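Pasting upload_25.cif here (mmCIF, C-alpha atoms and all ligand atoms):
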```
data_data
#
loop_
_atom_site.label_atom_id
_atom_site.label_comp_id
_atom_site.auth_asym_id
_atom_site.auth_seq_id
_atom_site.Cartn_x
_atom_site.Cartn_y
_atom_site.Cartn_z
CA MET I 1 29.96 -22.01 -22.53
CA LYS I 2 28.27 -19.14 -24.39
CA ILE I 3 24.45 -19.37 -24.27
CA GLY I 4 21.83 -16.95 -25.52
CA ILE I 5 19.50 -15.89 -28.31
CA ASP I 6 20.53 -17.51 -31.58
CA LYS I 7 17.55 -16.33 -33.64
CA ILE I 8 14.66 -13.92 -33.11
CA GLY I 9 11.44 -13.60 -35.14
CA PHE I 10 8.25 -11.59 -34.92
CA TYR I 11 4.61 -11.61 -35.98
CA VAL I 12 2.01 -8.87 -35.95
CA PRO I 13 -1.56 -9.14 -37.30
CA LYS I 14 -2.28 -7.45 -40.64
CA ASP I 15 -4.76 -4.91 -39.30
CA TYR I 16 -4.11 -1.83 -37.21
CA ILE I 17 -5.89 1.28 -36.01
CA ASP I 18 -4.38 4.74 -36.13
CA ILE I 19 -3.90 6.24 -32.68
CA VAL I 20 -4.78 9.80 -33.78
CA GLU I 21 -8.08 8.48 -35.19
CA LEU I 22 -8.69 6.61 -31.93
CA ALA I 23 -8.04 9.81 -29.95
CA LYS I 24 -10.48 11.79 -32.12
CA ALA I 25 -13.15 9.08 -31.76
CA ARG I 26 -12.72 9.26 -27.97
CA ASN I 27 -12.71 13.09 -27.87
CA VAL I 28 -9.17 13.14 -26.57
CA ASP I 29 -6.37 15.50 -27.67
CA PRO I 30 -4.27 13.30 -30.03
CA ASN I 31 -1.09 14.62 -28.36
CA LYS I 32 -2.12 12.82 -25.19
CA PHE I 33 -1.98 9.49 -27.03
CA THR I 34 1.02 10.16 -29.31
CA ILE I 35 3.15 12.11 -26.79
CA GLY I 36 1.62 11.44 -23.35
CA ILE I 37 1.25 7.67 -23.92
CA GLY I 38 3.76 7.43 -26.79
CA GLN I 39 1.96 5.34 -29.40
CA ASP I 40 1.22 5.78 -33.15
CA LYS I 41 -0.57 2.58 -34.24
CA GLN I 42 -2.22 -0.38 -32.53
CA ALA I 43 -2.29 -3.89 -33.96
CA VAL I 44 -5.76 -5.47 -34.12
CA PRO I 45 -6.14 -9.26 -34.41
CA GLN I 46 -8.93 -10.90 -36.40
CA PRO I 47 -11.36 -13.17 -34.50
CA TYR I 48 -9.64 -16.19 -36.09
CA GLN I 49 -6.32 -15.13 -34.53
CA ASP I 50 -5.28 -15.75 -30.95
CA ALA I 51 -2.22 -16.52 -28.80
CA VAL I 52 -1.80 -19.88 -30.56
CA THR I 53 -1.93 -18.66 -34.17
CA MET I 54 0.36 -15.69 -33.49
CA ALA I 55 2.86 -17.90 -31.65
CA ALA I 56 2.87 -20.30 -34.60
CA SER I 57 3.50 -17.41 -36.99
CA SER I 58 6.45 -15.86 -35.12
CA ALA I 59 8.09 -19.28 -34.59
CA ASP I 60 7.47 -20.27 -38.21
CA SER I 61 9.40 -17.18 -39.34
CA ILE I 62 12.67 -18.53 -37.82
CA LEU I 63 12.41 -22.31 -37.40
CA THR I 64 14.28 -24.53 -39.88
CA ASP I 65 14.19 -28.34 -40.09
CA ASP I 66 17.67 -28.41 -38.53
CA ASP I 67 16.45 -26.33 -35.58
CA LYS I 68 13.53 -28.72 -35.13
CA LYS I 69 15.87 -31.74 -35.00
CA ASP I 70 17.88 -30.11 -32.19
CA LEU I 71 14.91 -28.83 -30.20
CA GLY I 72 14.54 -30.16 -26.64
CA LEU I 73 12.33 -27.54 -25.05
CA LEU I 74 9.41 -25.32 -26.07
CA ILE I 75 8.13 -22.67 -23.68
CA VAL I 76 5.33 -20.24 -24.44
CA GLY I 77 4.98 -17.18 -22.22
CA THR I 78 1.47 -15.74 -22.44
CA GLU I 79 -1.32 -14.18 -20.42
CA SER I 80 -3.83 -14.62 -23.27
CA SER I 81 -4.09 -18.38 -23.16
CA VAL I 82 -7.10 -19.94 -24.90
CA ASP I 83 -7.43 -22.88 -22.49
CA GLU I 84 -7.24 -23.19 -18.70
CA SER I 85 -5.74 -26.68 -19.00
CA LYS I 86 -3.99 -27.36 -22.29
CA SER I 87 -0.95 -25.19 -22.94
CA THR I 88 -0.48 -22.99 -25.98
CA ALA I 89 2.71 -24.98 -26.53
CA ALA I 90 0.79 -28.26 -27.04
CA PHE I 91 -1.33 -26.72 -29.82
CA LEU I 92 1.87 -25.70 -31.61
CA MET I 93 3.20 -29.25 -31.98
CA ASP I 94 1.11 -29.95 -35.11
CA LEU I 95 1.06 -26.45 -36.50
CA LEU I 96 4.86 -26.26 -36.45
CA ASP I 97 5.44 -29.95 -37.13
CA LEU I 98 7.67 -30.33 -34.06
CA PRO I 99 9.34 -33.58 -32.91
CA GLU I 100 7.65 -35.39 -30.02
CA ASP I 101 10.75 -35.78 -27.86
CA ILE I 102 10.62 -32.29 -26.41
CA ARG I 103 9.28 -30.76 -23.20
CA ALA I 104 6.56 -28.27 -24.13
CA PHE I 105 4.63 -26.07 -21.71
CA GLU I 106 3.30 -22.61 -20.99
CA ILE I 107 4.36 -20.06 -18.37
CA LYS I 108 2.07 -17.40 -16.99
CA GLN I 109 3.17 -14.43 -14.92
CA ALA I 110 1.71 -11.39 -16.70
CA CYS I 111 4.30 -9.75 -18.95
CA TYR I 112 7.20 -11.58 -17.29
CA GLY I 113 6.38 -15.03 -18.78
CA ALA I 114 8.80 -14.91 -21.72
CA THR I 115 11.70 -13.88 -19.48
CA ALA I 116 10.92 -16.80 -17.17
CA GLY I 117 11.00 -18.92 -20.33
CA LEU I 118 14.29 -17.44 -21.50
CA GLN I 119 16.02 -18.04 -18.16
CA THR I 120 14.63 -21.59 -17.98
CA ALA I 121 15.90 -22.17 -21.51
CA TYR I 122 19.33 -20.90 -20.47
CA ASP I 123 19.46 -23.49 -17.67
CA PHE I 124 18.22 -26.21 -20.04
CA VAL I 125 20.88 -25.51 -22.66
CA SER I 126 23.61 -25.32 -20.00
CA GLN I 127 22.66 -28.90 -19.02
CA ASN I 128 22.03 -30.07 -22.61
CA PRO I 129 24.55 -28.14 -24.75
CA ASP I 130 23.71 -29.99 -27.97
CA LYS I 131 20.04 -29.05 -27.64
CA LYS I 132 18.11 -25.88 -28.50
CA ALA I 133 15.09 -24.28 -26.85
CA LEU I 134 12.28 -22.35 -28.49
CA VAL I 135 10.82 -19.56 -26.34
CA ILE I 136 7.74 -17.71 -27.61
CA ALA I 137 5.99 -14.64 -26.22
CA THR I 138 2.45 -14.25 -27.57
CA ASP I 139 -0.40 -12.04 -26.42
CA ILE I 140 -3.46 -9.98 -27.19
CA ALA I 141 -3.63 -6.95 -24.88
CA ARG I 142 -7.27 -6.01 -24.31
CA TYR I 143 -8.67 -3.48 -21.86
CA GLY I 144 -12.02 -2.77 -23.53
CA ILE I 145 -13.59 -0.12 -25.75
CA LYS I 146 -13.60 3.40 -24.24
CA THR I 147 -11.56 2.39 -21.19
CA PRO I 148 -8.44 4.35 -20.11
CA GLY I 149 -6.36 1.31 -21.06
CA GLU I 150 -7.76 1.12 -24.63
CA VAL I 151 -4.90 3.20 -26.02
CA THR I 152 -2.42 0.69 -24.52
CA GLN I 153 -3.78 -2.38 -26.36
CA GLY I 154 -2.01 -4.34 -29.09
CA ALA I 155 -1.25 -7.88 -30.29
CA GLY I 156 1.63 -9.93 -31.60
CA SER I 157 4.30 -12.46 -30.89
CA VAL I 158 8.08 -12.75 -30.63
CA ALA I 159 9.90 -16.10 -30.94
CA MET I 160 13.49 -16.82 -29.94
CA ILE I 161 15.75 -19.84 -30.33
CA ILE I 162 18.11 -20.29 -27.40
CA SER I 163 21.29 -22.27 -27.97
CA GLN I 164 24.98 -22.46 -27.26
CA ASN I 165 27.22 -20.23 -29.38
CA PRO I 166 24.31 -17.82 -29.99
CA ARG I 167 24.54 -15.53 -32.99
CA VAL I 168 22.37 -12.65 -31.74
CA LEU I 169 22.69 -12.02 -27.98
CA LYS I 170 24.94 -13.87 -25.54
CA LEU I 171 23.41 -13.82 -22.06
CA ASP I 172 25.98 -12.84 -19.41
CA HIS I 173 24.35 -15.04 -16.76
CA LYS I 174 24.17 -11.93 -14.61
CA SER I 175 20.71 -11.33 -13.31
CA VAL I 176 18.79 -9.92 -10.33
CA TYR I 177 15.08 -10.46 -9.72
CA MET I 178 12.29 -9.81 -7.24
CA THR I 179 8.65 -10.72 -6.59
CA ARG I 180 5.95 -8.95 -4.60
CA ASN I 181 2.22 -9.58 -4.27
CA VAL I 182 0.89 -6.39 -5.91
CA GLY I 183 -2.60 -5.52 -7.24
CA ASP I 184 -1.57 -3.33 -10.17
CA PHE I 185 -3.09 -5.36 -13.03
CA TRP I 186 -5.08 -8.58 -13.24
CA ARG I 187 -7.47 -10.53 -15.47
CA PRO I 188 -9.83 -12.93 -13.70
CA THR I 189 -10.62 -16.16 -15.57
CA PHE I 190 -14.15 -14.94 -16.40
CA SER I 191 -12.95 -11.80 -18.17
CA LYS I 192 -11.64 -11.26 -21.71
CA THR I 193 -10.35 -7.83 -20.73
CA ALA I 194 -7.79 -6.80 -18.13
CA PHE I 195 -8.33 -4.68 -15.05
CA ALA I 196 -5.57 -2.23 -14.23
CA ARG I 197 -4.65 0.40 -11.72
CA GLY I 198 -2.60 2.00 -14.46
CA LYS I 199 -0.93 4.83 -12.55
CA PHE I 200 -0.16 2.58 -9.60
CA SER I 201 1.29 0.03 -12.03
CA ASN I 202 3.60 2.74 -13.33
CA GLU I 203 4.79 3.48 -9.81
CA VAL I 204 5.45 -0.19 -9.01
CA TYR I 205 7.25 -0.66 -12.34
CA VAL I 206 9.55 2.31 -11.73
CA ASP I 207 10.16 1.20 -8.14
CA PHE I 208 11.06 -2.33 -9.32
CA PHE I 209 13.48 -0.91 -11.87
CA LYS I 210 15.19 1.33 -9.31
CA THR I 211 15.41 -1.47 -6.74
CA LEU I 212 16.79 -3.97 -9.25
CA TRP I 213 19.28 -1.51 -10.73
CA ASP I 214 20.66 -0.84 -7.23
CA LYS I 215 20.82 -4.61 -6.64
CA TYR I 216 22.54 -5.25 -9.96
CA GLN I 217 25.18 -2.58 -9.35
CA THR I 218 25.95 -3.96 -5.90
CA LYS I 219 25.94 -7.64 -6.89
CA TYR I 220 28.16 -7.21 -9.96
CA ASP I 221 30.09 -4.07 -9.02
CA ALA I 222 28.59 -2.49 -12.14
CA THR I 223 27.82 1.07 -13.23
CA ALA I 224 25.89 2.62 -16.11
CA ALA I 225 29.24 3.02 -17.89
CA ASP I 226 29.19 -0.77 -18.45
CA PHE I 227 26.15 -0.48 -20.75
CA SER I 228 25.54 1.40 -23.97
CA THR I 229 21.86 0.50 -24.00
CA MET I 230 19.05 -0.24 -21.57
CA LEU I 231 15.94 -1.98 -22.86
CA PHE I 232 12.67 -1.86 -20.95
CA HIS I 233 9.37 -3.68 -20.83
CA ILE I 234 7.27 -1.30 -22.95
CA PRO I 235 3.52 -2.01 -22.87
CA TYR I 236 3.33 1.60 -24.09
CA THR I 237 6.45 3.55 -24.77
CA LYS I 238 5.93 6.26 -22.13
CA MET I 239 6.27 3.58 -19.44
CA GLY I 240 9.87 2.75 -20.34
CA THR I 241 10.64 6.45 -20.63
CA LYS I 242 9.62 6.88 -17.00
CA ALA I 243 12.06 4.19 -15.85
CA LEU I 244 14.86 5.60 -18.00
CA ARG I 245 14.31 9.08 -16.58
CA THR I 246 15.15 7.85 -13.07
CA LEU I 247 18.79 7.73 -14.25
CA GLU I 248 18.91 11.41 -15.21
CA GLY I 249 21.32 13.22 -12.91
CA HIS I 250 22.65 9.88 -11.58
CA VAL I 251 24.73 9.05 -14.66
CA SER I 252 26.89 11.40 -16.74
CA ASP I 253 25.08 13.67 -19.20
CA GLU I 254 26.84 11.91 -22.09
CA LYS I 255 25.74 8.48 -20.85
CA TYR I 256 22.17 9.67 -20.35
CA ALA I 257 22.14 11.13 -23.88
CA GLU I 258 23.45 7.84 -25.30
CA LEU I 259 20.92 5.75 -23.36
CA THR I 260 18.09 8.06 -24.46
CA GLU I 261 19.13 7.91 -28.12
CA HIS I 262 19.34 4.11 -28.02
CA TYR I 263 16.03 3.88 -26.16
CA GLN I 264 14.38 5.82 -29.04
CA ALA I 265 15.63 3.14 -31.46
CA SER I 266 14.25 0.40 -29.20
CA ILE I 267 10.71 1.82 -29.12
CA LYS I 268 10.23 2.32 -32.87
CA PHE I 269 8.43 -0.99 -33.41
CA SER I 270 6.34 -0.72 -30.25
CA ARG I 271 5.03 2.69 -31.32
CA GLU I 272 3.79 0.94 -34.49
CA VAL I 273 2.33 -2.16 -32.86
CA GLY I 274 1.27 -1.38 -29.29
CA ASN I 275 1.26 -3.69 -26.34
CA LEU I 276 2.54 -7.26 -26.72
CA TYR I 277 2.44 -7.96 -22.97
CA THR I 278 5.04 -10.80 -22.69
CA GLY I 279 6.63 -9.85 -26.00
CA SER I 280 7.01 -6.12 -25.28
CA LEU I 281 10.58 -6.25 -23.99
CA TYR I 282 11.61 -8.57 -26.83
CA LEU I 283 9.98 -6.41 -29.50
CA GLY I 284 12.10 -3.60 -28.02
CA LEU I 285 15.18 -5.80 -28.38
CA LEU I 286 14.27 -6.58 -32.00
CA SER I 287 13.62 -2.91 -32.74
CA TYR I 288 17.01 -2.01 -31.32
CA LEU I 289 18.74 -4.79 -33.26
CA VAL I 290 17.16 -3.72 -36.54
CA ASN I 291 17.45 0.05 -36.08
CA ALA I 292 20.65 0.83 -34.22
CA ALA I 293 22.59 -2.03 -32.61
CA LYS I 294 26.30 -2.62 -33.02
CA ALA I 295 28.30 -5.79 -32.42
CA ASN I 296 29.75 -6.29 -28.93
CA GLU I 297 27.43 -3.80 -27.25
CA GLU I 298 26.48 -4.62 -23.66
CA LEU I 299 22.72 -4.42 -23.07
CA LEU I 300 20.79 -4.27 -19.82
CA LEU I 301 17.25 -5.65 -20.09
CA PHE I 302 14.44 -4.84 -17.65
CA SER I 303 11.58 -7.32 -17.60
CA TYR I 304 8.43 -6.62 -15.58
CA GLY I 305 5.21 -8.58 -15.15
CA SER I 306 2.41 -7.08 -13.07
CA GLY I 307 1.38 -8.87 -9.98
CA ALA I 308 4.47 -8.54 -9.80
CA VAL I 309 7.82 -10.02 -10.88
CA GLY I 310 10.79 -8.03 -12.14
CA GLU I 311 14.14 -9.13 -13.49
CA LEU I 312 17.14 -7.17 -14.69
CA TYR I 313 19.74 -9.04 -16.72
CA SER I 314 22.45 -8.36 -19.23
CA GLY I 315 23.75 -9.65 -22.55
CA GLU I 316 26.22 -8.91 -25.30
CA ILE I 317 25.30 -8.40 -28.95
CA GLN I 318 27.22 -10.86 -31.09
CA PRO I 319 29.32 -9.99 -34.16
CA GLY I 320 27.36 -10.76 -37.35
CA PHE I 321 23.97 -10.59 -35.55
CA GLU I 322 22.52 -8.62 -38.48
CA LYS I 323 23.00 -11.59 -40.83
CA VAL I 324 20.73 -13.78 -38.66
CA ILE I 325 17.81 -11.32 -38.55
CA ASP I 326 15.52 -11.18 -41.57
CA GLN I 327 15.17 -7.41 -41.56
CA ASP I 328 13.33 -7.27 -44.91
CA ALA I 329 10.68 -9.72 -43.71
CA ILE I 330 10.21 -7.76 -40.47
CA MET I 331 9.92 -4.39 -42.24
CA ASN I 332 7.53 -5.89 -44.83
CA LEU I 333 5.35 -7.24 -42.04
CA LEU I 334 5.21 -3.82 -40.37
CA ASN I 335 4.83 -1.75 -43.53
CA ASN I 336 2.33 -3.89 -45.44
CA ARG I 337 -0.50 -3.73 -42.94
CA GLU I 338 -3.98 -2.34 -43.48
CA LYS I 339 -5.59 0.46 -41.53
CA MET I 340 -8.94 -0.38 -40.03
CA SER I 341 -11.52 2.31 -39.26
CA ILE I 342 -12.38 2.86 -35.60
CA SER I 343 -16.00 1.79 -36.22
CA ASP I 344 -14.89 -1.48 -37.90
CA TYR I 345 -12.50 -2.13 -35.00
CA GLU I 346 -15.33 -1.57 -32.51
CA LYS I 347 -17.59 -3.98 -34.39
CA MET I 348 -14.90 -6.65 -34.62
CA TYR I 349 -14.11 -6.28 -30.93
CA GLU I 350 -17.57 -7.60 -30.08
CA ILE I 351 -17.25 -10.76 -32.20
CA GLU I 352 -16.76 -13.80 -30.06
CA TYR I 353 -16.65 -17.29 -31.56
CA SER I 354 -18.56 -19.97 -29.69
CA ASP I 355 -19.05 -23.71 -29.98
CA GLY I 356 -20.04 -24.73 -33.52
CA THR I 357 -18.18 -21.91 -35.26
CA ILE I 358 -16.57 -22.88 -38.56
CA VAL I 359 -14.29 -20.30 -40.14
CA ASP I 360 -14.42 -19.98 -43.93
CA PRO I 361 -10.77 -20.17 -45.09
CA ALA I 362 -11.59 -17.78 -47.94
CA THR I 363 -12.04 -15.04 -45.31
CA VAL I 364 -8.67 -15.72 -43.67
CA ASP I 365 -5.63 -13.56 -44.37
CA ALA I 366 -3.04 -15.38 -42.24
CA LYS I 367 -1.01 -18.58 -42.49
CA PHE I 368 -2.22 -19.98 -39.15
CA TYR I 369 -5.83 -19.60 -38.05
CA LEU I 370 -8.54 -20.91 -35.79
CA SER I 371 -10.60 -23.06 -38.17
CA GLU I 372 -13.33 -24.42 -35.94
CA ILE I 373 -14.70 -24.78 -32.43
CA LYS I 374 -16.10 -28.29 -32.11
CA GLU I 375 -17.42 -29.68 -28.82
CA ASN I 376 -15.82 -26.60 -27.27
CA GLU I 377 -12.41 -27.65 -28.55
CA ARG I 378 -10.45 -25.11 -30.55
CA LEU I 379 -9.07 -26.54 -33.81
CA TYR I 380 -6.40 -24.83 -35.87
CA LYS I 381 -5.21 -24.99 -39.46
CA LYS I 382 -2.29 -23.84 -41.52
CA GLN I 383 -2.64 -22.57 -45.08
CA ASN I 384 -0.06 -21.40 -47.62
N1 LIG I 401 -0.47 16.38 -24.65
C1 LIG I 401 0.63 15.68 -24.22
N2 LIG I 401 0.59 14.87 -23.12
C2 LIG I 401 -0.59 14.73 -22.47
C3 LIG I 401 -1.74 15.44 -22.88
C4 LIG I 401 -1.65 16.27 -24.03
N3 LIG I 401 -2.70 16.95 -24.48
N4 LIG I 401 -2.76 15.11 -22.04
C5 LIG I 401 -2.24 14.24 -21.12
N5 LIG I 401 -0.93 14.02 -21.39
C6 LIG I 401 -0.01 13.13 -20.68
C7 LIG I 401 -0.15 13.20 -19.17
O1 LIG I 401 0.57 14.31 -18.63
C8 LIG I 401 0.42 11.85 -18.78
O2 LIG I 401 1.83 11.92 -18.83
P1 LIG I 401 2.70 11.40 -17.58
O3 LIG I 401 2.31 9.97 -17.36
O4 LIG I 401 4.10 11.58 -18.02
O5 LIG I 401 2.32 12.27 -16.43
C9 LIG I 401 -0.01 10.93 -19.93
O6 LIG I 401 -0.37 11.80 -21.01
C10 LIG I 401 -1.19 10.07 -19.59
O7 LIG I 401 -2.19 10.89 -19.07
P2 LIG I 401 -3.11 10.39 -17.88
O8 LIG I 401 -4.05 11.47 -17.52
O9 LIG I 401 -2.26 9.81 -16.80
O10 LIG I 401 -3.87 9.24 -18.68
P3 LIG I 401 -4.97 8.23 -18.26
O11 LIG I 401 -5.63 8.58 -16.99
O12 LIG I 401 -5.85 8.16 -19.46
O13 LIG I 401 -4.20 6.85 -18.05
C11 LIG I 401 -2.76 5.00 -18.39
C12 LIG I 401 -3.10 6.43 -18.81
C13 LIG I 401 -1.49 4.57 -19.09
C14 LIG I 401 -2.56 4.92 -16.89
C15 LIG I 401 -3.95 4.07 -18.85
O14 LIG I 401 -3.99 4.07 -20.24
C16 LIG I 401 -3.84 2.66 -18.35
O15 LIG I 401 -4.22 2.37 -17.22
N6 LIG I 401 -3.33 1.72 -19.17
C17 LIG I 401 -3.07 0.37 -18.75
C18 LIG I 401 -1.62 0.33 -18.37
C19 LIG I 401 -1.25 -0.81 -17.47
O16 LIG I 401 -1.74 -0.97 -16.41
N7 LIG I 401 -0.34 -1.57 -17.89
C20 LIG I 401 0.23 -2.57 -17.05
C21 LIG I 401 1.28 -3.18 -17.82
S1 LIG I 401 2.79 -3.32 -16.97
#
```

Render the structure in this file as structure tokens.
Amino acid sequence: MKIGIDKIGFYVPKDYIDIVELAKARNVDPNKFTIGIGQDKQAVPQPYQDAVTMAASSADSILTDDDKKDLGLLIVGTESSVDESKSTAAFLMDLLDLPEDIRAFEIKQACYGATAGLQTAYDFVSQNPDKKALVIATDIARYGIKTPGEVTQGAGSVAMIISQNPRVLKLDHKSVYMTRNVGDFWRPTFSKTAFARGKFSNEVYVDFFKTLWDKYQTKYDATAADFSTMLFHIPYTKMGTKALRTLEGHVSDEKYAELTEHYQASIKFSREVGNLYTGSLYLGLLSYLVNAAKANEELLLFSYGSGAVGELYSGEIQPGFEKVIDQDAIMNLLNNREKMSISDYEKMYEIEYSDGTIVDPATVDAKFYLSEIKENERLYKKQN
């Protein structure tokens, strides 16, 4: 049975900051941020937006009533959860008007959560072929103002429907994975911002990729010649570049040139949006699908979540995939955003809603939003 991604959708908040302006405000050479880190813009969420509202928006962009009827599983991968108990998935039931007879829950393992969701969905559909699964990656990446990680922030969500006879990407059911207890990045429950040993995290990430690529080649008797494209977890685009570079000299020059060219297509959206944590790999997939992909291409996907879990798996792009992706809606979302000044971004960063907050809908520029915090419970609304 063929199982994989049948639909893929995306949401990014309307506001962004320009990375050159951020560099100037931090007295840094802009080339460090645009070339050294590899970013151009960074999405900035409004205080009324969070992991729940962004997840609702990306899912809403692809879900039809027919999909909802067939849904048996909803998994949200996030490390920006708004509640230590209730899952992001439970909040989505009303916002997306989902049927009750589904399993809905959240998975946390840093940026790996959505891949855990995708593989769980694969298993679910293989046991329930007439059912579909909705997997959503949703995150706000926050390191803090004037921290080294500030340039690697971002926000957004990617939603995917997993089903049999998928129209976008058939998963090959070939996968290798590994887990190690590593202190490269963490966010204690008391903190809104992450702590990172950024350079160490880079080293672990590259080491995981090399280890898993060796494993994959041995397990499946594979070589780089089997793939036209490798997609990487890209919290900032330089990170994936570092993993890709480990192949230089180990694959033919032609293959390396092809992989590099395709990698450039896969990072276009991330350069414009920044870090999506769990969604980063899948934004790379979407960017590749919209900007360069061809039917029947074999892709290798590298997922990494600090702490740390890595997984390398493969899939085949399906003929007609372009008809299933609403390219105009995605490009409109990316191109019709508003630039925020660095000082406005800094002011908004400090805003934190507390119990008793009521959000005036007239100030909201999003379909899904946090409307109120009542008795410390977050309440959400949808508007047209
Ligand atoms: N022009 C071009 N490139 C420049 C430059 C300039 N003027 N100045 C510096 N650079 C390059 C550096 O050579 C370096 O490139 P390299 O990584 O290929 O060697 C890059 O810019 C970054 O410089 P560096 O001095 O290492 O930056 P930093 O100390 O500010 O830290 C991060 C950068 C990414 C480590 C930091 O932003 C961070 O910790 N982010 C959080 C990342 C993280 O942990 N993510 C985990 C998710 S998996």

Of the candidates I:Asp139, I:Asp130, I:Tyr16, I:Glu350, which shows the shortest atom-to-atom distance to Asn336 (chain I), using all atoms listed in the file?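 Once distances to Asn336 (chain I) are computed over all atoms listed in the file, the minimum belongs to I:Tyr16.
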
All residues 7 Å or closer to Ala137 (chain I), all atoms listed in the file, same chain fewer than 2 positions away omitted, as a list in words: Val76, Gly77, Thr78, Ala114, Val135, Asp139, Ser157, Val158, Ala159, Thr278 and Gly279 of chain I

Å distance separating CA of Leu98 (chain I) from CA of Gly117 (chain I), one decimal place: 18.2 Å

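The residues sitting within 6 Å of ligand LIG 401 (chain I), with only C-alpha atoms and all ligand atoms considered, come out as I:Asp29, I:Asn31, I:Lys32, I:Ile35, I:Gly36, I:Ile37, I:Pro148, I:Gly149, I:Val151, I:Thr152, I:Phe185, I:Ala196, I:Arg197, I:Gly198, I:Lys199, I:Ser201, I:Pro235, I:Ser306.
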
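With CA of Asn384 (chain I) on one side and CA of Thr363 (chain I) on the other, the separation reads 13.8 Å.
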
Could you name the residues that touch Met160 (chain I) at 7 Å or less, counting only C-alpha atoms, but leaving out those on the same chain fewer than 3 positions away, as a list in words?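 With the cut-off at 7 Å, the set is Ile5, Lys7, Ile8, Gly9, Leu134, Val135 and Ile136 of chain I.
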
Which is closest to Leu334 (chain I) among I:Glu375, I:Glu272, I:Asp365, I:Glu258, if we use only C-alpha atoms? I:Glu272

Just the number, please: distance in Å from CA of Asn181 (chain I) to CA of Arg245 (chain I), one decimal. 25.4 Å

Between I:Met93, I:Val273, I:Val206, I:Val290, which is the closest to Asp326 (chain I) once you count only C-alpha atoms?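 So, comparing all the options, the nearest one is I:Val290.
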
Let me make sure I understand: among I:Ser85, I:Ser61, I:Gln49, I:Asn202, which one has the smallest atom-to-atom distance to Tyr304 (chain I) if we use all atoms listed in the file?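 Using all atoms listed in the file, the shortest distance to Tyr304 (chain I) belongs to I:Asn202.
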
List as a list in words: which residues have an atom within 12 Å of (24.7, 8.8, -11.4), counting only C-alpha atoms?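 Taken together, the residues in range are Trp213, Asp214, Gln217, Ala222, Thr223, Ala224, Ala225, Arg245, Thr246, Leu247, Glu248, Gly249, His250, Val251, Ser252, Asp253, Glu254, Lys255 and Tyr256 of chain I.
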
Could you pull the residues within 8 Å of Tyr216 (chain I), counting all atoms listed in the file, minus those fewer than 3 positions along the same chain, as a list in words?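 Listing them by chain and then by number gives Ser175, Val176, Leu212, Trp213, Lys219, Tyr220, Asp221, Ala222 and Leu312 of chain I.
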
12 Å contact set for Met331 (chain I), only C-alpha atoms, chain neighbours under 4 positions out, as a ChimeraX atom specification: /I:9-12,268-269,272,286-287,290-291,325-327,335-337

How would the residues just picked look written out with C-alpha atoms as a compact mmCIF listing (two decimals), in the coordinates of the input?
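Contents of result33.txt, freshly written:
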```
# COMPACT_ATOMS: atom_id res chain seq x y z
CA GLY I 9 11.44 -13.60 -35.14
CA PHE I 10 8.25 -11.59 -34.92
CA TYR I 11 4.61 -11.61 -35.98
CA VAL I 12 2.01 -8.87 -35.95
CA LYS I 268 10.23 2.32 -32.87
CA PHE I 269 8.43 -0.99 -33.41
CA GLU I 272 3.79 0.94 -34.49
CA LEU I 286 14.27 -6.58 -32.00
CA SER I 287 13.62 -2.91 -32.74
CA VAL I 290 17.16 -3.72 -36.54
CA ASN I 291 17.45 0.05 -36.08
CA ILE I 325 17.81 -11.32 -38.55
CA ASP I 326 15.52 -11.18 -41.57
CA GLN I 327 15.17 -7.41 -41.56
CA ASN I 335 4.83 -1.75 -43.53
CA ASN I 336 2.33 -3.89 -45.44
CA ARG I 337 -0.50 -3.73 -42.94
```

Mind listing whatever residues come within 7 Å of the point (10.3, -5.1, -21.7)? Use all atoms listed in the file, file coordinates, and give them as a short mmCIF file (atom, residue, chain, number, x, y, z; two decimals) with C-alpha atoms, in the coordinates of the input.
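The result, stored in result28.cif:
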```
data_model
loop_
_atom_site.label_atom_id
_atom_site.label_comp_id
_atom_site.auth_asym_id
_atom_site.auth_seq_id
_atom_site.Cartn_x
_atom_site.Cartn_y
_atom_site.Cartn_z
CA LEU I 231 15.94 -1.98 -22.86
CA PHE I 232 12.67 -1.86 -20.95
CA HIS I 233 9.37 -3.68 -20.83
CA ILE I 234 7.27 -1.30 -22.95
CA SER I 280 7.01 -6.12 -25.28
CA LEU I 281 10.58 -6.25 -23.99
CA TYR I 282 11.61 -8.57 -26.83
CA GLY I 284 12.10 -3.60 -28.02
CA PHE I 302 14.44 -4.84 -17.65
CA SER I 303 11.58 -7.32 -17.60
CA TYR I 304 8.43 -6.62 -15.58
#
```
